[in-house]
>>> print(open('upload38.tsv').read())   # TSV, C-alpha atoms
chain	number	residue	atom	x	y	z
A	1	MET	CA	17.18	55.67	35.61
A	2	TRP	CA	15.65	59.07	36.36
A	3	THR	CA	12.88	59.45	38.89
A	4	ILE	CA	10.91	62.48	40.06
A	5	ILE	CA	10.66	63.11	43.78
A	6	LYS	CA	8.82	65.64	45.91
A	7	ILE	CA	10.87	67.02	48.76
A	8	ASN	CA	10.59	69.14	51.87
A	9	ARG	CA	12.87	72.10	51.02
A	10	ASN	CA	13.77	72.71	54.66
A	11	LYS	CA	15.19	69.19	54.98
A	12	PHE	CA	17.03	68.91	51.66
A	13	GLY	CA	20.40	68.43	53.40
A	14	PHE	CA	19.01	65.46	55.34
A	15	LEU	CA	17.68	63.97	52.10
A	16	LYS	CA	21.07	64.18	50.40
A	17	GLY	CA	22.75	62.66	53.44
A	18	ASP	CA	20.30	59.75	53.58
A	19	PHE	CA	20.66	59.12	49.84
A	20	GLU	CA	24.47	59.13	50.19
A	21	LYS	CA	24.30	56.59	53.02
A	22	LYS	CA	21.96	54.26	51.12
A	23	LEU	CA	23.14	54.77	47.51
A	24	GLY	CA	26.69	56.03	47.81
A	25	ASN	CA	27.90	59.05	45.83
A	26	LYS	CA	26.70	57.70	42.48
A	27	PHE	CA	23.35	59.51	42.36
A	28	LYS	CA	22.64	62.80	40.59
A	29	ILE	CA	20.11	65.45	41.51
A	30	TYR	CA	18.89	68.01	38.97
A	31	ASN	CA	16.74	70.96	39.99
A	32	PRO	CA	16.37	73.60	37.24
A	33	LYS	CA	16.21	77.18	38.58
A	34	ILE	CA	15.72	80.67	37.25
A	35	ARG	CA	17.25	83.80	38.75
A	36	PHE	CA	15.53	87.15	38.60
A	37	GLN	CA	15.68	90.65	40.01
A	38	LYS	CA	13.19	91.82	42.58
A	39	TYR	CA	12.70	95.44	43.57
A	40	LYS	CA	11.73	96.22	47.16
A	41	LYS	CA	11.91	99.68	48.72
A	42	ASN	CA	14.12	100.96	45.87
A	43	LYS	CA	16.66	98.18	46.36
A	44	VAL	CA	17.47	95.39	43.93
A	45	PHE	CA	17.50	91.82	45.22
A	46	PHE	CA	18.30	88.69	43.27
A	47	LYS	CA	16.05	85.75	43.91
A	48	GLU	CA	16.30	82.20	42.63
A	49	LEU	CA	13.22	80.13	42.01
A	50	PRO	CA	13.06	76.43	41.18
A	51	ILE	CA	10.79	76.03	38.15
A	52	LEU	CA	9.44	72.70	39.40
A	53	GLY	CA	8.60	73.88	42.92
A	54	ASP	CA	9.17	71.08	45.43
A	55	TYR	CA	9.86	68.49	42.73
A	56	LEU	CA	13.28	67.53	41.42
A	57	PHE	CA	14.89	64.88	39.26
A	58	CYS	CA	17.12	62.19	40.76
A	59	PHE	CA	19.22	59.67	38.81
A	60	HIS	CA	20.64	56.37	39.95
A	61	HIS	CA	21.16	53.22	37.90
A	62	SER	CA	19.23	51.06	40.40
A	63	PHE	CA	16.00	53.12	40.56
A	64	ASN	CA	14.29	50.58	38.29
A	65	ASP	CA	14.45	48.11	41.22
A	66	PRO	CA	11.34	48.54	43.47
A	67	LYS	CA	13.33	47.33	46.50
A	68	VAL	CA	15.67	50.32	46.22
A	69	ILE	CA	12.72	52.74	45.99
A	70	ASN	CA	11.05	51.10	49.01
A	71	ASN	CA	14.31	51.38	50.95
A	72	LEU	CA	14.46	55.14	50.20
A	73	LYS	CA	10.76	55.95	50.78
A	74	PHE	CA	11.26	56.90	54.41
A	75	SER	CA	14.29	59.16	53.94
A	76	ARG	CA	14.20	62.43	55.86
A	77	GLY	CA	13.19	65.32	53.61
A	78	LEU	CA	11.43	63.09	51.07
A	79	LYS	CA	7.68	63.42	50.68
A	80	TYR	CA	7.23	60.80	47.96
A	81	PHE	CA	8.47	59.32	44.69
A	82	LEU	CA	6.27	60.26	41.75
A	83	GLU	CA	4.82	57.09	40.24
A	84	GLY	CA	5.25	56.30	36.55
A	85	SER	CA	8.74	57.69	36.04
A	86	THR	CA	9.83	54.40	34.47
A	87	LEU	CA	7.33	54.87	31.63
A	88	PHE	CA	8.51	58.37	30.70
A	89	GLN	CA	12.32	58.11	30.73
A	90	ARG	CA	12.72	59.45	27.21
A	91	GLU	CA	10.56	62.53	27.95
A	92	ILE	CA	12.37	63.18	31.24
A	93	GLU	CA	15.78	62.96	29.55
A	94	LYS	CA	14.60	65.26	26.73
A	95	PHE	CA	13.32	67.84	29.26
A	96	ILE	CA	16.54	67.73	31.28
A	97	SER	CA	18.74	68.10	28.19
A	98	LYS	CA	16.60	71.06	27.01
A	99	CYS	CA	16.94	72.72	30.40
A	100	LYS	CA	20.71	72.13	30.50
A	101	SER	CA	21.09	73.61	27.02
A	102	LEU	CA	19.27	76.78	28.18
A	103	GLU	CA	21.41	77.29	31.28
A	104	ASN	CA	23.80	80.24	31.50
A	105	GLU	CA	27.32	80.16	33.00
A	106	ALA	CA	25.94	80.39	36.55
A	107	GLY	CA	23.62	77.40	36.03
A	108	TYR	CA	20.35	79.33	35.85
A	109	LEU	CA	17.82	78.93	33.04
A	110	SER	CA	17.44	81.74	30.53
A	111	ASN	CA	14.16	83.20	29.31
A	112	ASP	CA	14.28	80.99	26.22
A	113	LEU	CA	12.57	78.26	28.23
A	114	TYR	CA	9.16	79.66	27.33
A	115	GLU	CA	8.04	79.91	23.74
A	116	LEU	CA	6.87	83.47	23.09
A	117	ASN	CA	3.69	84.07	21.10
A	118	ALA	CA	2.23	87.35	19.87
A	119	ASN	CA	-1.12	88.35	21.42
A	120	SER	CA	-0.42	86.21	24.49
A	121	LYS	CA	-0.28	87.42	28.10
A	122	TYR	CA	2.81	87.15	30.30
A	123	LYS	CA	3.81	88.35	33.77
A	124	PHE	CA	7.07	90.10	34.64
A	125	SER	CA	9.10	88.52	37.42
A	126	SER	CA	11.85	91.16	37.42
A	127	GLY	CA	12.52	94.78	36.64
A	128	PRO	CA	10.47	97.90	37.33
A	129	PHE	CA	7.32	96.18	36.01
A	130	ALA	CA	7.63	93.17	38.36
A	131	GLU	CA	4.31	91.38	38.99
A	132	LYS	CA	2.63	93.32	36.13
A	133	ILE	CA	0.79	91.48	33.36
A	134	PHE	CA	1.47	92.48	29.78
A	135	LYS	CA	0.52	91.44	26.27
A	136	ILE	CA	3.04	90.84	23.50
A	137	MET	CA	2.15	92.89	20.44
A	138	GLN	CA	5.10	92.10	18.17
A	139	LEU	CA	8.18	89.88	18.39
A	140	GLN	CA	11.52	90.95	16.97
A	141	LYS	CA	14.93	89.29	17.11
A	142	ASN	CA	16.10	90.69	20.48
A	143	LYS	CA	13.23	93.01	21.38
A	144	ILE	CA	9.54	92.69	22.14
A	145	ASP	CA	6.81	95.29	21.69
A	146	ILE	CA	4.46	95.01	24.64
A	147	LEU	CA	1.25	96.56	25.92
A	148	ILE	CA	0.74	97.12	29.66
A	149	GLY	CA	-2.77	98.50	30.03
A	150	ASP	CA	-2.74	101.49	27.66
A	151	PHE	CA	1.04	101.90	27.81
A	152	LYS	CA	3.12	100.65	24.85
A	153	ALA	CA	6.80	99.84	25.30
A	154	THR	CA	9.69	98.01	23.69
A	155	ILE	CA	11.81	95.80	25.94
A	156	SER	CA	14.86	93.61	25.52
A	157	LYS	CA	14.31	89.84	25.72
A	158	GLU	CA	17.47	89.25	27.78
A	159	LYS	CA	17.06	92.09	30.28
A	160	TYR	CA	13.77	91.06	31.92
A	161	SER	CA	12.42	87.81	33.26
A	162	PHE	CA	8.80	86.89	32.62
A	163	TYR	CA	6.60	83.85	32.35
A	164	PRO	CA	3.26	82.97	30.70
A	165	THR	CA	0.05	83.53	32.66
>>> encode(input="upload38.tsv", output="structure tokens")
Amino acid sequence: MWTIIKINRNKFGFLKGDFEKKLGNKFKIYNPKIRFQKYKKNKVFFKELPILGDYLFCFHHSFNDPKVINNLKFSRGLKYFLEGSTLFQREIEKFISKCKSLENEAGYLSNDLYELNANSKYKFSSGPFAEKIFKIMQLQKNKIDILIGDFKATISKEKYSFYPT
């Protein structure tokens, strides 16, 4: 059964160690991430960002037993288990399979995660327009016509990372 947990990122290694001691090696952790370029002082840096923030998915066959959850509640690096995961197993599995289908060879999500709509506003997370808000004017197969202020441009869907605002 999948559950959603909130973690302390600085103590993630402790969390995995505690889970291994209490559950063995039969648990899975899934944390979908995106990778994007960041420009700083004319240098390009690659940065990875988890799309769920401090939350991640954890699978173990015994998570439906409340005793197991209570035993894990005080693990180092764990803030809390999100309640109600048992009710939404189908939705969690559907989200995870969608994310896994959108991953590239390196394991990072592609831009296809977000559904693009004309006349909607988005924010660049990479490229020379990083942190700039733009509006999609027209969608094409591999290109997008955008408007940044009064400036019109055509960009490639695969080259830049952006997200809805």
>>> residues_near_point(input="upload38.tsv", point="(17.8, 71.8, 33.3)", cutoff="7 Å", atoms="all atoms listed in the file", output="list of chain:residue names")
A:Tyr30, A:Asn31, A:Pro32, A:Ile96, A:Ser97, A:Lys98, A:Cys99, A:Lys100, A:Glu103
>>> write_last_selection(input="upload38.tsv", atoms="C-alpha atoms", output="mmCIF file, in the frame of the given file")
data_model
loop_
_atom_site.group_PDB
_atom_site.id
_atom_site.type_symbol
_atom_site.label_atom_id
_atom_site.label_comp_id
_atom_site.auth_asym_id
_atom_site.auth_seq_id
_atom_site.Cartn_x
_atom_site.Cartn_y
_atom_site.Cartn_z
ATOM 1 C CA TYR A 30 18.890 68.010 38.970
ATOM 2 C CA ASN A 31 16.740 70.960 39.990
ATOM 3 C CA PRO A 32 16.370 73.600 37.240
ATOM 4 C CA ILE A 96 16.540 67.730 31.280
ATOM 5 C CA SER A 97 18.740 68.100 28.190
ATOM 6 C CA LYS A 98 16.600 71.060 27.010
ATOM 7 C CA CYS A 99 16.940 72.720 30.400
ATOM 8 C CA LYS A 100 20.710 72.130 30.500
ATOM 9 C CA GLU A 103 21.410 77.290 31.280
#
>>> closest_residue(input="upload38.tsv", among="A:Leu49, A:Ile92, A:Leu72, A:Leu109", to="A:Met1", atoms="all atoms listed in the file")
A:Ile92
>>> closest_residue(input="upload38.tsv", among="A:Lys135, A:His61, A:Lys67, A:Lys47", to="A:Lys152", atoms="all atoms listed in the file")
A:Lys135
>>> closest_residue(input="upload38.tsv", among="A:Gly127, A:Thr165, A:Glu158, A:Leu82", to="A:Lys43", atoms="all atoms listed in the file")
A:Gly127
>>> closest_residue(input="upload38.tsv", among="A:Leu15, A:Ser120, A:Ser75, A:Glu105", to="A:Leu139", atoms="all atoms listed in the file")
A:Ser120
>>> atom_distance(input="upload38.tsv", atom1="atom CA of A:Lys143", atom2="atom CA of A:Val44")
23.1 Å
>>> build_atoms(input="upload38.tsv", residues="stretch 34-68 of chain A", atoms="N, CA and C atoms", output="compact mmCIF listing (two decimals), keeping the file's coordinate frame")
# COMPACT_ATOMS: atom_id res chain seq x y z
N ILE A 34 15.55 79.39 37.93
CA ILE A 34 15.72 80.67 37.25
C ILE A 34 16.12 81.70 38.31
N ARG A 35 16.82 82.72 37.87
CA ARG A 35 17.25 83.80 38.75
C ARG A 35 16.69 85.09 38.20
N PHE A 36 16.09 85.89 39.07
CA PHE A 36 15.53 87.15 38.60
C PHE A 36 15.72 88.24 39.64
N GLN A 37 15.55 89.48 39.15
CA GLN A 37 15.68 90.65 40.01
C GLN A 37 14.34 90.96 40.64
N LYS A 38 14.39 91.41 41.88
CA LYS A 38 13.19 91.82 42.58
C LYS A 38 13.48 93.19 43.18
N TYR A 39 12.55 94.11 43.00
CA TYR A 39 12.70 95.44 43.57
C TYR A 39 11.85 95.53 44.82
N LYS A 40 12.47 96.02 45.92
CA LYS A 40 11.73 96.22 47.16
C LYS A 40 12.32 97.43 47.86
N LYS A 41 11.49 98.44 48.07
CA LYS A 41 11.91 99.68 48.72
C LYS A 41 13.13 100.28 48.03
N ASN A 42 13.07 100.38 46.70
CA ASN A 42 14.12 100.96 45.87
C ASN A 42 15.46 100.24 45.96
N LYS A 43 15.45 98.99 46.34
CA LYS A 43 16.66 98.18 46.36
C LYS A 43 16.45 96.97 45.46
N VAL A 44 17.52 96.54 44.83
CA VAL A 44 17.47 95.39 43.93
C VAL A 44 17.95 94.15 44.69
N PHE A 45 17.14 93.11 44.65
CA PHE A 45 17.50 91.82 45.22
C PHE A 45 17.47 90.78 44.12
N PHE A 46 18.35 89.81 44.20
CA PHE A 46 18.30 88.69 43.27
C PHE A 46 17.68 87.51 43.99
N LYS A 47 16.77 86.88 43.31
CA LYS A 47 16.05 85.75 43.91
C LYS A 47 16.13 84.58 42.95
N GLU A 48 16.30 83.39 43.49
CA GLU A 48 16.30 82.20 42.63
C GLU A 48 15.04 81.40 42.94
N LEU A 49 14.49 80.84 41.89
CA LEU A 49 13.22 80.13 42.01
C LEU A 49 13.31 78.83 41.24
N PRO A 50 13.09 77.70 41.91
CA PRO A 50 13.06 76.43 41.18
C PRO A 50 11.80 76.35 40.32
N ILE A 51 11.95 76.02 39.04
CA ILE A 51 10.79 76.03 38.15
C ILE A 51 9.84 74.88 38.42
N LEU A 52 10.29 73.85 39.11
CA LEU A 52 9.44 72.70 39.40
C LEU A 52 8.88 72.72 40.82
N GLY A 53 9.09 73.80 41.55
CA GLY A 53 8.60 73.88 42.92
C GLY A 53 9.33 72.91 43.83
N ASP A 54 8.58 72.04 44.50
CA ASP A 54 9.17 71.08 45.43
C ASP A 54 9.59 69.78 44.76
N TYR A 55 9.48 69.70 43.46
CA TYR A 55 9.86 68.49 42.73
C TYR A 55 11.27 68.64 42.18
N LEU A 56 11.98 67.53 42.08
CA LEU A 56 13.28 67.53 41.42
C LEU A 56 13.54 66.16 40.82
N PHE A 57 14.52 66.11 39.94
CA PHE A 57 14.89 64.88 39.26
C PHE A 57 16.06 64.24 40.00
N CYS A 58 16.03 62.92 40.11
CA CYS A 58 17.12 62.19 40.76
C CYS A 58 17.46 60.99 39.88
N PHE A 59 18.77 60.77 39.66
CA PHE A 59 19.22 59.67 38.81
C PHE A 59 20.08 58.71 39.62
N HIS A 60 19.79 57.44 39.45
CA HIS A 60 20.64 56.37 39.95
C HIS A 60 20.34 55.14 39.10
N HIS A 61 21.35 54.37 38.80
CA HIS A 61 21.16 53.22 37.90
C HIS A 61 20.25 52.15 38.48
N SER A 62 20.05 52.12 39.79
CA SER A 62 19.23 51.06 40.40
C SER A 62 17.80 51.50 40.74
N PHE A 63 17.36 52.67 40.26
CA PHE A 63 16.00 53.12 40.56
C PHE A 63 14.92 52.28 39.87
N ASN A 64 15.30 51.44 38.92
CA ASN A 64 14.29 50.58 38.29
C ASN A 64 13.96 49.37 39.18
N ASP A 65 14.70 49.19 40.26
CA ASP A 65 14.45 48.11 41.22
C ASP A 65 13.50 48.63 42.31
N PRO A 66 12.29 48.06 42.45
CA PRO A 66 11.34 48.54 43.47
C PRO A 66 11.85 48.42 44.90
N LYS A 67 12.77 47.48 45.15
CA LYS A 67 13.33 47.33 46.50
C LYS A 67 14.14 48.56 46.90
N VAL A 68 14.87 49.12 45.95
CA VAL A 68 15.67 50.32 46.22
C VAL A 68 14.74 51.50 46.53
